[in-house]
Structure formats: C-alpha cells, structure tokens
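Heads up, my_file.tsv below (TSV, C-alpha atoms):
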chain	number	residue	atom	x	y	z
M	1	MET	CA	83.77	94.28	88.77
M	2	LYS	CA	86.84	93.59	86.64
M	3	ARG	CA	90.20	94.87	87.81
M	4	ARG	CA	90.49	97.51	85.09
M	5	GLU	CA	87.05	98.85	85.98
M	6	LEU	CA	87.91	98.85	89.66
M	7	ILE	CA	91.12	100.79	89.14
M	8	LYS	CA	89.33	103.28	86.90
M	9	ALA	CA	86.71	103.77	89.59
M	10	LEU	CA	89.46	104.44	92.10
M	11	GLY	CA	90.92	107.11	89.86
M	12	VAL	CA	94.29	105.35	89.74
M	13	GLY	CA	94.25	103.95	86.24
M	14	ALA	CA	97.22	106.02	85.08
M	15	ALA	CA	99.39	105.12	88.07
M	16	ALA	CA	98.49	101.47	87.79
M	17	GLY	CA	98.74	101.35	84.03
M	18	VAL	CA	101.14	98.44	84.38
M	19	VAL	CA	98.11	96.12	84.23
M	20	ALA	CA	98.44	94.91	80.69
M	21	SER	CA	98.40	91.13	80.80
M	22	GLY	CA	94.61	90.89	80.55
M	23	ALA	CA	94.72	87.79	82.74
M	24	LYS	CA	91.53	87.01	84.57
M	25	ALA	CA	91.43	87.95	88.24
M	26	ASP	CA	89.06	85.08	89.04
M	27	ASP	CA	90.30	81.74	90.38
M	28	LYS	CA	93.73	83.09	91.25
M	29	LYS	CA	95.68	82.48	94.42
M	30	VAL	CA	95.00	84.77	97.37
M	31	TYR	CA	98.06	86.05	99.22
M	32	LYS	CA	97.57	86.98	102.87
M	33	TRP	CA	100.21	89.37	104.11
M	34	LYS	CA	101.03	91.04	107.41
M	35	MET	CA	102.14	94.66	107.70
M	36	VAL	CA	103.93	95.68	110.90
M	37	THR	CA	104.25	99.39	111.69
M	38	THR	CA	106.13	101.72	113.99
M	39	TRP	CA	102.93	103.65	114.66
M	40	PRO	CA	100.26	103.09	117.31
M	41	LYS	CA	97.29	101.25	115.86
M	42	ASN	CA	95.02	103.58	113.85
M	43	PHE	CA	97.05	106.66	114.80
M	44	PRO	CA	95.77	109.62	112.72
M	45	GLY	CA	97.82	110.38	109.63
M	46	LEU	CA	100.63	107.86	109.98
M	47	GLY	CA	98.80	104.81	111.31
M	48	THR	CA	95.77	105.48	109.15
M	49	GLY	CA	98.16	105.97	106.23
M	50	ALA	CA	99.32	102.39	106.72
M	51	ASN	CA	95.69	101.27	106.86
M	52	TYR	CA	94.90	103.14	103.65
M	53	LEU	CA	97.80	101.49	101.85
M	54	ALA	CA	96.67	98.03	102.97
M	55	GLU	CA	93.11	98.72	101.83
M	56	LEU	CA	94.30	100.12	98.52
M	57	ILE	CA	96.41	97.04	97.81
M	58	GLY	CA	93.38	94.86	98.43
M	59	LYS	CA	91.19	96.91	96.09
M	60	MET	CA	93.73	97.28	93.32
M	61	THR	CA	94.51	93.55	93.30
M	62	ASN	CA	90.81	92.66	93.41
M	63	GLY	CA	91.34	90.93	96.75
M	64	GLN	CA	94.24	88.75	95.64
M	65	VAL	CA	96.66	90.43	98.05
M	66	GLN	CA	95.09	90.91	101.47
M	67	VAL	CA	97.12	92.87	104.01
M	68	LYS	CA	96.45	92.85	107.76
M	69	VAL	CA	97.94	95.81	109.60
M	70	TYR	CA	99.54	95.49	113.03
M	71	GLY	CA	100.22	98.56	115.13
M	72	ALA	CA	103.39	99.02	117.15
M	73	ASN	CA	103.90	96.23	119.71
M	74	GLU	CA	100.96	94.17	118.46
M	75	LEU	CA	103.17	91.67	116.66
M	76	VAL	CA	106.66	93.10	117.15
M	77	GLY	CA	108.08	96.19	118.81
M	78	ALA	CA	107.87	99.54	117.04
M	79	LEU	CA	111.58	99.61	116.28
M	80	GLU	CA	111.80	95.89	115.48
M	81	ILE	CA	109.81	95.96	112.25
M	82	PHE	CA	112.84	96.21	109.97
M	83	ASP	CA	114.26	92.93	111.23
M	84	ALA	CA	110.82	91.31	111.32
M	85	VAL	CA	110.22	91.94	107.63
M	86	SER	CA	113.80	91.11	106.72
M	87	ARG	CA	113.50	87.64	108.25
M	88	GLY	CA	109.98	87.07	106.89
M	89	THR	CA	107.95	87.32	110.09
M	90	ALA	CA	105.83	89.85	108.17
M	91	GLU	CA	105.74	90.67	104.50
M	92	MET	CA	105.58	94.46	104.86
M	93	GLY	CA	106.70	97.18	107.24
M	94	HIS	CA	105.53	100.80	107.53
M	95	GLY	CA	107.82	103.30	109.21
M	96	ALA	CA	110.56	105.86	108.51
M	97	SER	CA	114.00	104.96	107.24
M	98	TYR	CA	115.97	107.13	109.69
M	99	TYR	CA	115.07	104.61	112.39
M	100	TRP	CA	117.44	102.16	110.70
M	101	LYS	CA	120.65	104.17	110.69
M	102	GLY	CA	122.18	101.36	112.75
M	103	LYS	CA	121.65	99.10	109.75
M	104	SER	CA	123.07	101.61	107.27
M	105	PRO	CA	123.83	105.31	107.80
M	106	ALA	CA	122.64	105.88	104.23
M	107	ALA	CA	119.08	104.91	105.20
M	108	GLN	CA	118.55	108.28	106.89
M	109	PHE	CA	118.72	110.18	103.61
M	110	PHE	CA	115.52	108.54	102.38
M	111	ALA	CA	113.44	109.92	105.27
M	112	ALA	CA	114.64	113.43	106.08
M	113	VAL	CA	117.82	115.47	106.02
M	114	PRO	CA	118.09	118.70	108.06
M	115	PHE	CA	117.76	121.69	105.73
M	116	GLY	CA	117.36	119.14	102.94
M	117	LEU	CA	114.57	118.47	100.46
M	118	ASN	CA	110.92	119.33	100.98
M	119	ALA	CA	108.15	116.89	100.03
M	120	GLN	CA	107.93	117.93	96.40
M	121	GLU	CA	111.70	117.76	96.05
M	122	MET	CA	111.97	114.42	97.83
M	123	ASN	CA	109.48	112.84	95.46
M	124	SER	CA	111.33	114.34	92.51
M	125	TRP	CA	114.66	112.96	93.73
M	126	LEU	CA	113.23	109.53	94.44
M	127	TYR	CA	111.19	109.10	91.27
M	128	HIS	CA	113.18	111.08	88.73
M	129	GLY	CA	116.57	111.83	90.30
M	130	GLY	CA	117.97	108.38	91.00
M	131	GLY	CA	117.04	108.31	94.67
M	132	MET	CA	114.83	105.24	94.47
M	133	ASP	CA	117.53	103.16	92.81
M	134	LEU	CA	119.93	104.11	95.59
M	135	TRP	CA	117.34	103.27	98.23
M	136	LYS	CA	116.88	99.82	96.70
M	137	GLU	CA	120.65	99.36	96.75
M	138	VAL	CA	120.82	100.22	100.46
M	139	TYR	CA	118.01	97.82	101.43
M	140	ALA	CA	118.96	94.94	99.10
M	141	PRO	CA	121.44	93.30	101.54
M	142	PHE	CA	118.56	92.94	104.02
M	143	GLY	CA	116.25	91.28	101.52
M	144	LEU	CA	113.92	94.28	101.43
M	145	VAL	CA	112.35	96.33	98.66
M	146	PRO	CA	111.66	99.94	99.76
M	147	THR	CA	108.85	102.18	98.60
M	148	ALA	CA	107.84	105.74	99.47
M	149	ALA	CA	104.44	105.47	101.15
M	150	GLY	CA	103.70	108.87	102.63
M	151	ASN	CA	105.10	112.31	103.35
M	152	THR	CA	104.44	114.70	106.23
M	153	GLY	CA	105.51	117.86	104.44
M	154	VAL	CA	107.51	120.38	106.46
M	155	GLN	CA	107.20	119.42	110.10
M	156	MET	CA	107.06	121.59	113.20
M	157	GLY	CA	110.23	122.25	115.17
M	158	GLY	CA	108.90	120.58	118.28
M	159	TRP	CA	107.50	120.95	121.78
M	160	PHE	CA	109.63	122.48	124.53
M	161	ASN	CA	109.10	123.05	128.22
M	162	LYS	CA	111.11	126.26	128.04
M	163	GLU	CA	111.64	129.02	125.52
M	164	ILE	CA	114.55	128.77	123.11
M	165	ASN	CA	116.03	132.25	122.91
M	166	SER	CA	119.60	131.36	122.00
M	167	VAL	CA	121.85	128.46	121.06
M	168	GLU	CA	122.80	128.20	124.73
M	169	ASP	CA	119.28	127.06	125.51
M	170	LEU	CA	119.91	123.89	123.50
M	171	LYS	CA	122.79	122.81	125.71
M	172	GLY	CA	121.87	120.05	128.13
M	173	LEU	CA	118.47	119.65	126.47
M	174	LYS	CA	117.14	116.09	126.40
M	175	MET	CA	115.10	115.93	123.22
M	176	ARG	CA	113.33	113.11	121.46
M	177	ILE	CA	114.56	113.52	117.90
M	178	PRO	CA	115.67	110.76	115.51
M	179	GLY	CA	118.05	110.54	112.60
M	180	LEU	CA	120.39	113.25	111.43
M	181	GLY	CA	118.46	115.91	113.34
M	182	GLY	CA	119.36	114.11	116.55
M	183	GLU	CA	123.04	114.24	115.63
M	184	VAL	CA	122.73	117.99	115.09
M	185	ILE	CA	121.14	118.49	118.52
M	186	LYS	CA	123.96	116.46	120.00
M	187	ARG	CA	126.51	118.66	118.27
M	188	ALA	CA	124.70	121.71	119.69
M	189	GLY	CA	125.19	120.36	123.21
M	190	GLY	CA	121.90	118.56	123.70
M	191	THR	CA	121.11	114.90	124.22
M	192	PRO	CA	119.04	113.24	121.47
M	193	VAL	CA	116.73	110.44	122.58
M	194	LEU	CA	115.19	107.89	120.21
M	195	LEU	CA	111.66	106.93	121.23
M	196	PRO	CA	108.81	105.38	119.25
M	197	GLY	CA	105.68	107.49	119.00
M	198	GLY	CA	103.76	105.69	121.72
M	199	GLU	CA	106.38	106.54	124.35
M	200	ILE	CA	106.70	110.25	123.66
M	201	PHE	CA	103.85	111.71	125.71
M	202	PRO	CA	104.61	109.91	129.01
M	203	SER	CA	108.31	110.71	128.65
M	204	LEU	CA	107.61	114.41	128.07
M	205	GLN	CA	105.02	114.57	130.81
M	206	SER	CA	107.26	112.88	133.38
M	207	GLY	CA	110.29	115.02	132.56
M	208	ALA	CA	112.32	112.11	131.23
M	209	ILE	CA	112.81	114.35	128.18
M	210	ASP	CA	112.71	118.15	128.02
M	211	ALA	CA	111.47	118.46	124.48
M	212	THR	CA	110.24	116.44	121.55
M	213	GLU	CA	109.51	116.70	117.89
M	214	TRP	CA	106.91	114.49	116.31
M	215	VAL	CA	105.22	115.62	113.08
M	216	GLY	CA	102.86	118.58	112.95
M	217	PRO	CA	99.70	119.98	114.56
M	218	TYR	CA	97.26	117.30	113.38
M	219	ASN	CA	99.39	114.39	114.57
M	220	ASP	CA	100.81	116.14	117.62
M	221	MET	CA	97.38	117.07	118.94
M	222	ALA	CA	96.24	113.46	118.56
M	223	PHE	CA	99.08	112.48	120.88
M	224	GLY	CA	98.09	115.19	123.37
M	225	LEU	CA	101.57	116.69	123.38
M	226	HIS	CA	100.10	120.12	124.15
M	227	LYS	CA	99.19	118.76	127.58
M	228	ALA	CA	102.83	118.12	128.41
M	229	ALA	CA	104.53	121.22	126.95
M	230	LYS	CA	103.25	124.64	125.89
M	231	PHE	CA	106.01	126.07	123.71
M	232	TYR	CA	105.55	124.96	120.11
M	233	TYR	CA	108.36	125.92	117.75
M	234	TYR	CA	108.64	126.20	113.99
M	235	PRO	CA	109.92	125.57	111.36
M	236	GLY	CA	110.90	121.91	111.25
M	237	TRP	CA	114.49	122.47	110.12
M	238	HIS	CA	115.31	118.84	110.88
M	239	GLU	CA	112.52	117.31	108.77
M	240	PRO	CA	111.55	119.54	105.84
M	241	GLY	CA	109.70	116.84	103.91
M	242	THR	CA	109.78	113.51	105.68
M	243	THR	CA	109.16	110.47	103.52
M	244	LEU	CA	107.43	107.56	105.22
M	245	GLU	CA	108.23	104.14	103.87
M	246	CYS	CA	106.71	100.78	103.19
M	247	PHE	CA	109.36	98.12	102.76
M	248	ILE	CA	108.49	94.69	101.44
M	249	ASN	CA	110.16	91.33	101.96
M	250	GLN	CA	111.82	90.68	98.62
M	251	LYS	CA	111.01	86.95	98.51
M	252	ALA	CA	107.36	87.62	99.32
M	253	LEU	CA	107.15	90.23	96.58
M	254	GLU	CA	108.79	87.95	94.02
M	255	GLU	CA	106.31	85.19	94.84
M	256	LEU	CA	103.54	87.38	93.46
M	257	PRO	CA	102.72	87.30	89.74
M	258	LYS	CA	104.39	90.23	88.01
M	259	GLU	CA	101.07	91.97	87.55
M	260	LEU	CA	100.37	91.93	91.28
M	261	GLN	CA	103.91	93.06	92.10
M	262	GLU	CA	103.40	96.18	90.02
M	263	LEU	CA	100.03	96.89	91.59
M	264	VAL	CA	101.47	96.63	95.10
M	265	LEU	CA	104.32	99.00	94.21
M	266	ASN	CA	101.98	101.50	92.57
M	267	ALA	CA	99.64	101.40	95.56
M	268	SER	CA	102.53	102.73	97.67
M	269	ARG	CA	103.03	105.55	95.23
M	270	ILE	CA	99.37	106.53	95.51
M	271	ALA	CA	99.50	106.34	99.32
M	272	ASN	CA	102.59	108.53	99.26
M	273	GLN	CA	100.65	111.33	97.59
M	274	ASP	CA	97.53	110.83	99.69
M	275	MET	CA	99.22	111.26	103.09
M	276	LEU	CA	100.78	114.58	102.11
M	277	ALA	CA	97.42	115.81	100.84
M	278	GLU	CA	95.66	114.81	104.05
M	279	LEU	CA	98.16	116.44	106.39
M	280	THR	CA	98.30	119.61	104.32
M	281	ALA	CA	94.50	119.81	104.54
M	282	LYS	CA	94.30	119.24	108.29
M	283	ASN	CA	97.35	120.86	109.88
M	284	ASN	CA	96.27	124.50	109.95
M	285	SER	CA	92.90	123.93	111.62
M	286	ALA	CA	94.64	121.78	114.21
M	287	LEU	CA	97.22	124.51	114.81
M	288	GLN	CA	94.47	127.09	115.30
M	289	GLU	CA	92.80	124.83	117.84
M	290	LEU	CA	96.06	124.32	119.71
M	291	VAL	CA	96.71	128.06	119.93
M	292	GLU	CA	93.18	129.40	120.42
M	293	LYS	CA	91.63	126.69	122.58
M	294	ASN	CA	94.60	125.14	124.36
M	295	ASN	CA	96.75	128.22	124.96
M	296	VAL	CA	99.76	126.78	123.16
M	297	GLN	CA	102.53	129.35	122.75
M	298	LEU	CA	103.56	129.34	119.08
M	299	ARG	CA	107.18	130.42	118.66
M	300	ARG	CA	109.54	130.83	115.74
M	301	PHE	CA	113.14	129.76	116.29
M	302	PRO	CA	115.37	132.85	116.51
M	303	LYS	CA	117.41	133.56	113.40
M	304	ASP	CA	120.74	133.02	115.17
M	305	VAL	CA	119.57	129.62	116.41
M	306	MET	CA	118.52	128.63	112.89
M	307	ALA	CA	121.82	129.83	111.47
M	308	GLU	CA	123.78	127.72	113.96
M	309	LEU	CA	121.61	124.68	113.37
M	310	LYS	CA	122.18	125.09	109.63
M	311	ARG	CA	125.94	125.29	110.13
M	312	LEU	CA	125.98	122.22	112.36
M	313	SER	CA	123.67	120.34	110.00
M	314	ASP	CA	126.02	120.85	107.07
M	315	GLU	CA	128.87	119.49	109.19
M	316	VAL	CA	126.96	116.46	110.43
M	317	VAL	CA	125.56	115.46	107.05
M	318	ALA	CA	128.96	115.79	105.37
M	319	GLU	CA	130.57	113.67	108.08
M	320	GLU	CA	127.93	110.97	107.71
M	321	ALA	CA	128.91	110.71	104.06
M	322	LYS	CA	132.39	109.59	105.06
M	323	LEU	CA	131.19	106.55	107.00
M	324	ASP	CA	131.10	104.17	104.03
M	325	PRO	CA	131.11	104.23	100.21
M	326	VAL	CA	127.37	103.59	99.88
M	327	THR	CA	126.48	106.51	102.15
M	328	LYS	CA	128.90	108.73	100.21
M	329	LYS	CA	127.18	107.70	96.98
M	330	VAL	CA	123.76	108.58	98.39
M	331	TYR	CA	125.04	111.83	99.86
M	332	ASP	CA	126.54	112.98	96.56
M	333	SER	CA	123.28	112.30	94.73
M	334	PHE	CA	121.19	114.02	97.41
M	335	VAL	CA	123.34	117.15	97.60
M	336	ALA	CA	123.55	117.53	93.84
M	337	PHE	CA	119.79	117.26	93.53
M	338	ARG	CA	119.24	119.74	96.37
M	339	GLU	CA	121.45	122.31	94.68
M	340	GLN	CA	119.53	122.19	91.43
M	341	ALA	CA	116.20	122.19	93.31
M	342	ILE	CA	117.25	125.32	95.23
M	343	LYS	CA	118.11	127.12	92.01
M	344	TRP	CA	114.86	126.19	90.31
M	345	HIS	CA	112.64	126.94	93.30
M	346	ALA	CA	114.27	130.33	93.76
M	347	VAL	CA	112.47	131.42	90.61
M	348	SER	CA	109.40	129.20	90.98
M	349	GLU	CA	107.94	127.94	94.27
M	350	GLN	CA	109.85	130.21	96.65
M	351	ALA	CA	109.41	133.27	94.46
M	352	TYR	CA	105.69	132.64	94.20
M	353	LEU	CA	105.19	132.04	97.94
M	354	ASN	CA	107.09	135.22	98.74
M	355	ALA	CA	104.92	137.16	96.32
M	356	ARG	CA	101.70	135.62	97.61
M	357	SER	CA	102.35	136.38	101.28
M	358	PRO	CA	104.83	139.28	101.52
M	359	ASP	CA	103.64	140.27	105.00
M	360	THR	CA	104.52	136.89	106.50
M	361	ILE	CA	108.15	136.91	105.37
M	362	GLY	CA	110.56	137.32	108.23
Taking this structure as input, can you express it in the form of structure tokens?
Amino acid sequence: MKRRELIKALGVGAAAGVVASGAKADDKKVYKWKMVTTWPKNFPGLGTGANYLAELIGKMTNGQVQVKVYGANELVGALEIFDAVSRGTAEMGHGASYYWKGKSPAAQFFAAVPFGLNAQEMNSWLYHGGGMDLWKEVYAPFGLVPTAAGNTGVQMGGWFNKEINSVEDLKGLKMRIPGLGGEVIKRAGGTPVLLPGGEIFPSLQSGAIDATEWVGPYNDMAFGLHKAAKFYYYPGWHEPGTTLECFINQKALEELPKELQELVLNASRIANQDMLAELTAKNNSALQELVEKNNVQLRRFPKDVMAELKRLSDEVVAEEAKLDPVTKKVYDSFVAFREQAIKWHAVSEQAYLNARSPDTIG
C-alpha cells in the first residue's frame, strides 16, 4: 500500500497533508528510534498513549521510522527522560512538561496551570495562539523539539485519607502533586511531593504521603489508588486540561527527510486528540465503578477551599513569571489567551453546559 493510501485509510489525510513530494517510500532508509516515558509500561491511557503514538508514526511513515517504547525505569528513570533525550540516549520522550521546571520554570505552562486553560483552550493556545512557538523556544537550548501528544481533560482533585472541610485541613498535608499545583499546596501550608506514577500507590498506602492527585477515574483505578484512600475529591483545580508531551531530539529529527519530519510531527497532533477522546469516553464508567462497587466517597471541594486555592494560585503563577524573561514572556501569552477564552466561553461552552444541566450547577 502506498503512503497516501495508507494515510487515507487511517483517516488522517488532512492532518498529514504535508506529504507532497511524491517520493517513493520503497528502498528508503529505515530509522530505528527509542522512546523513553515517565509512565509504567503499557499503563492505561498515558502509557498506551505513548504506544499509540509510536505505532502511528510507523504506519504513517510506511515503516521508515520505527519507534520502540520503553516504560519508566526500563532504559532510564521516569524523571530522567528529559536529559536522556537531550543527550541522544533516546530520540523521543513522552511525559509532562511540569516535571522539568528545574530546567526552566516556563516549562510548567505547557502542561497545566491551576485555574488555567482546559483541553480545548490549551490546544487553541498551542496551535493558534502562539503557545507552540514559545514552547519550542523554551526547549531549544536543550536540543529538543516539543510536541503536544495527549491531553487528560479536567482531572480529579485527588485522593485523600481524610475529608477536606476547610483550608485548615490542607495544612501539614503531604501530597503528591507536581508543578504549579504543588507550589499552591505549599503556599496553603501543605508539603508537595514529586513522585513518578509508579511510586504513588505504595507511598499512599504506607502513609509516606497523605494524599495524591494523579489523573482521573480511568487511570486512577488502574493504579488501585482507591485501595489506599477512600475520599476522592473534585474538581481538578490544579490541572484543568493537562497536555502530555512528546519531545524529540532535534538532531535526530533533522536527520530525517523533511517529509518524514512532518509525518512524525503530525502523528503527535493526532495522538494528542486521541488521548483526550479515550479518557472522555472511559472516565465516567470508571467513576461509577469506584463509587458503586468500591465504596469510594466522592466529595466536592468546599467553595471556601476553592476560593482560597484560586487566590493562592493567582499569586503563585504571577510570581513564577518574575523568575526570568522567558517565563514572563510565556506567562503574558498564557494569561492573555485565558482572558479571551473566558470571555468567549461565557457565551458558548459554559453557557451551553449550564443550560444543558441546570440541576448539577452548584
């Protein structure tokens, strides 16, 4: 099957319309790449999202770019993938950019910002609001090319071993929570802990941490987090539309013919949409199972707690912007886009959702 026919069969012809050279796919060099991830091997949603991207790249390039996926700790540690791809140990990495705030504070804005952009808005900012150009600028000094390769949608607020009835209940709380959300918890009097996914359950079960956020019902149930804590809070104020990333070693990407470069980049864009669709389809049934079969106590954060977290979030995010000129540049772009998104969605998405489910508003 010719490449054009293959792409048409996949339903991705429009996204991969960059294929225009007409060059034959036969007798071309095969590139064998490694993808290292922060996720446990084959973990539902996130790990399988990395697998899907690797498979898609192989199909779209007619087998010329073959990607082998390594789960966390198979080739390098979960939080070592950024450096591994930067130095060329692997050609690709699959993770979340807020893990790399030690490399650049600006990186956090391309994953999730507390009370920030939801999935639809994040994609709009990245693809049509200048966000992707800024992301490339942040990663360029490390020899990496970033791509958006998945989105969780609005996450859950997390698992707690006690009820959260007031802001006071956050004080002294040891919570696994990365990125800017972790800084907010710290400002509220808690202790944020950064742990890769594979270490969350044993830490929560042993009492090393008091609470954790991860993603949402589908992913959380796969980790068995309901066996270590029973109070499950919403909404995910800290991660309203978390973008997962695939970053590529710049030299490795540039070694590909231009046609293959574009196919690899467009494969990430397709995977970005697919992950959000999958999690949206599977989260509610998983939540019902957690509540009805596993006796999980579903709780909504009290309004005064949310108000305080919003106030602290605004402070933290604004302070991050002062750390360096690049972060300030990203912050200004992000905030400006959020403001216009809020105004538009007030009369579109939010207005419609309120009208569709008036009894659930509260």
Within 12 Å of Gly224 in chain M using only C-alpha atoms, minus same-chain residues under 5 positions, as a short mmCIF file (atom, residue, chain, number, x, y, z; two decimals) with C-alpha atoms, in the frame of the given file:
data_model
loop_
_atom_site.label_atom_id
_atom_site.label_comp_id
_atom_site.auth_asym_id
_atom_site.auth_seq_id
_atom_site.Cartn_x
_atom_site.Cartn_y
_atom_site.Cartn_z
CA TRP M 159 107.50 120.95 121.78
CA GLY M 197 105.68 107.49 119.00
CA GLY M 198 103.76 105.69 121.72
CA ILE M 200 106.70 110.25 123.66
CA PHE M 201 103.85 111.71 125.71
CA PRO M 202 104.61 109.91 129.01
CA LEU M 204 107.61 114.41 128.07
CA GLN M 205 105.02 114.57 130.81
CA TRP M 214 106.91 114.49 116.31
CA GLY M 216 102.86 118.58 112.95
CA PRO M 217 99.70 119.98 114.56
CA TYR M 218 97.26 117.30 113.38
CA ASN M 219 99.39 114.39 114.57
CA ALA M 229 104.53 121.22 126.95
CA LYS M 230 103.25 124.64 125.89
CA ALA M 286 94.64 121.78 114.21
CA LEU M 290 96.06 124.32 119.71
CA ASN M 294 94.60 125.14 124.36
CA VAL M 296 99.76 126.78 123.16
#
Can you tell me which residues surround Glu278 in chain M at a distance of at most 12 Å, considering only C-alpha atoms, apart from same-chain residues fewer than 4 positions away, and format the answer as a short mmCIF file (atom, residue, chain, number, x, y, z; two decimals) with C-alpha atoms, keeping the file's coordinate frame?
data_model
loop_
_atom_site.label_atom_id
_atom_site.label_comp_id
_atom_site.auth_asym_id
_atom_site.auth_seq_id
_atom_site.Cartn_x
_atom_site.Cartn_y
_atom_site.Cartn_z
CA PRO M 44 95.77 109.62 112.72
CA GLY M 45 97.82 110.38 109.63
CA LEU M 46 100.63 107.86 109.98
CA THR M 48 95.77 105.48 109.15
CA GLY M 49 98.16 105.97 106.23
CA TYR M 52 94.90 103.14 103.65
CA GLY M 150 103.70 108.87 102.63
CA ASN M 151 105.10 112.31 103.35
CA THR M 152 104.44 114.70 106.23
CA GLY M 153 105.51 117.86 104.44
CA TYR M 218 97.26 117.30 113.38
CA ASN M 219 99.39 114.39 114.57
CA ALA M 271 99.50 106.34 99.32
CA ASN M 272 102.59 108.53 99.26
CA GLN M 273 100.65 111.33 97.59
CA ASP M 274 97.53 110.83 99.69
CA LYS M 282 94.30 119.24 108.29
CA ASN M 283 97.35 120.86 109.88
CA ASN M 284 96.27 124.50 109.95
#
Point to revise | Of the listed residues M:Thr37, M:Ser86, M:Thr327, M:Thr280, that which approaches Phe110 in chain M most closely, counting all atoms listed in the file | key: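 Distance minimum relative to Phe110 in chain M lands on M:Thr327.
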Review point. Between M:Arg187, M:Lys258, M:Arg299, M:His128, which has the minimum distance to Phe160 in chain M (counting all atoms listed in the file)?
Key: M:Arg299
Exercise for review: Choose the residue, out of M:Val113, M:Ile248, M:Val167, M:Val145, that has the smallest atom-to-atom separation from Ala318 in chain M; count only C-alpha atoms.
Suggested key: M:Val113
**Study point:** Straight-line distance linking CA of Trp39 in chain M with CA of Ala72 in chain M, stated in Å to one decimal
**Key:**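 CA of Ala72 in chain M lies 5.3 Å from CA of Trp39 in chain M.
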Point to revise | Distance in Å - CA of Asp304 in chain M versus CA of Leu170 in chain M | key: 12.4 Å
Range 70-79 of chain M: axis-aligned bounding box, 3 Å on each side, centre and edge lengths in Å, one decimal, as AutoDock Vina command-line options:
--center_x 105.6 --center_y 95.6 --center_z 116.4 --size_x 18.0 --size_y 13.9 --size_z 12.7
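Within the 10 Å cut-off around Ala149 in chain M, using all atoms listed in the file and omitting residues fewer than 4 positions from it on the same chain, the listed residues are M:Leu46, M:Gly49, M:Ala50, M:Leu53, M:His94, M:Gly95, M:Ala96, M:Thr243, M:Leu244, M:Glu245, M:Cys246, M:Phe247, M:Leu265, M:Asn266, M:Ala267, M:Ser268, M:Arg269, M:Ile270, M:Ala271, M:Asn272, M:Gln273, M:Asp274, M:Met275, M:Leu276.
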Review point. Got a sec to check which residues sit within 12 Å of (109.6, 82.9, 105.2), counting only C-alpha atoms, and write them as a ChimeraX atom specification?
Key: /M:33,84-91,143,249-253,255
Review point. If we count only C-alpha atoms, what is near Gln155 in chain M at a cut-off of 10 Å, once residues fewer than 5 positions away on the same chain are taken out, given as a PyMOL selection string?
Key: chain M and resi 118+213-217+234-242+283
Exercise for review: May I ask for the distance between CA of Leu134 in chain M and CA of Phe82 in chain M, given in Å to one decimal place?
Suggested key: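 Between these atoms lies a distance of 17.9 Å.
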Practice item. Using all atoms listed in the file, find the one residue out of M:Ala119, M:Met60, M:Arg176, M:Leu194 that sits nearest to Glu259 in chain M. Key: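 Nearest to Glu259 in chain M: M:Met60.
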Review point. Looking at M:Gly47, M:Ala107, M:Glu74, M:Ala112, which one is nearest to Ala140 in chain M, with distances taken over only C-alpha atoms?
Key: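 Smallest separation from Ala140 in chain M among the options: M:Ala107.
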Review point. Using only C-alpha atoms, which of the listed residues (M:Phe334, M:Tyr98, M:Ala211, M:Pro40) sits closest to Asp169 in chain M?
Key: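 Nearest to Asp169 in chain M: M:Ala211.
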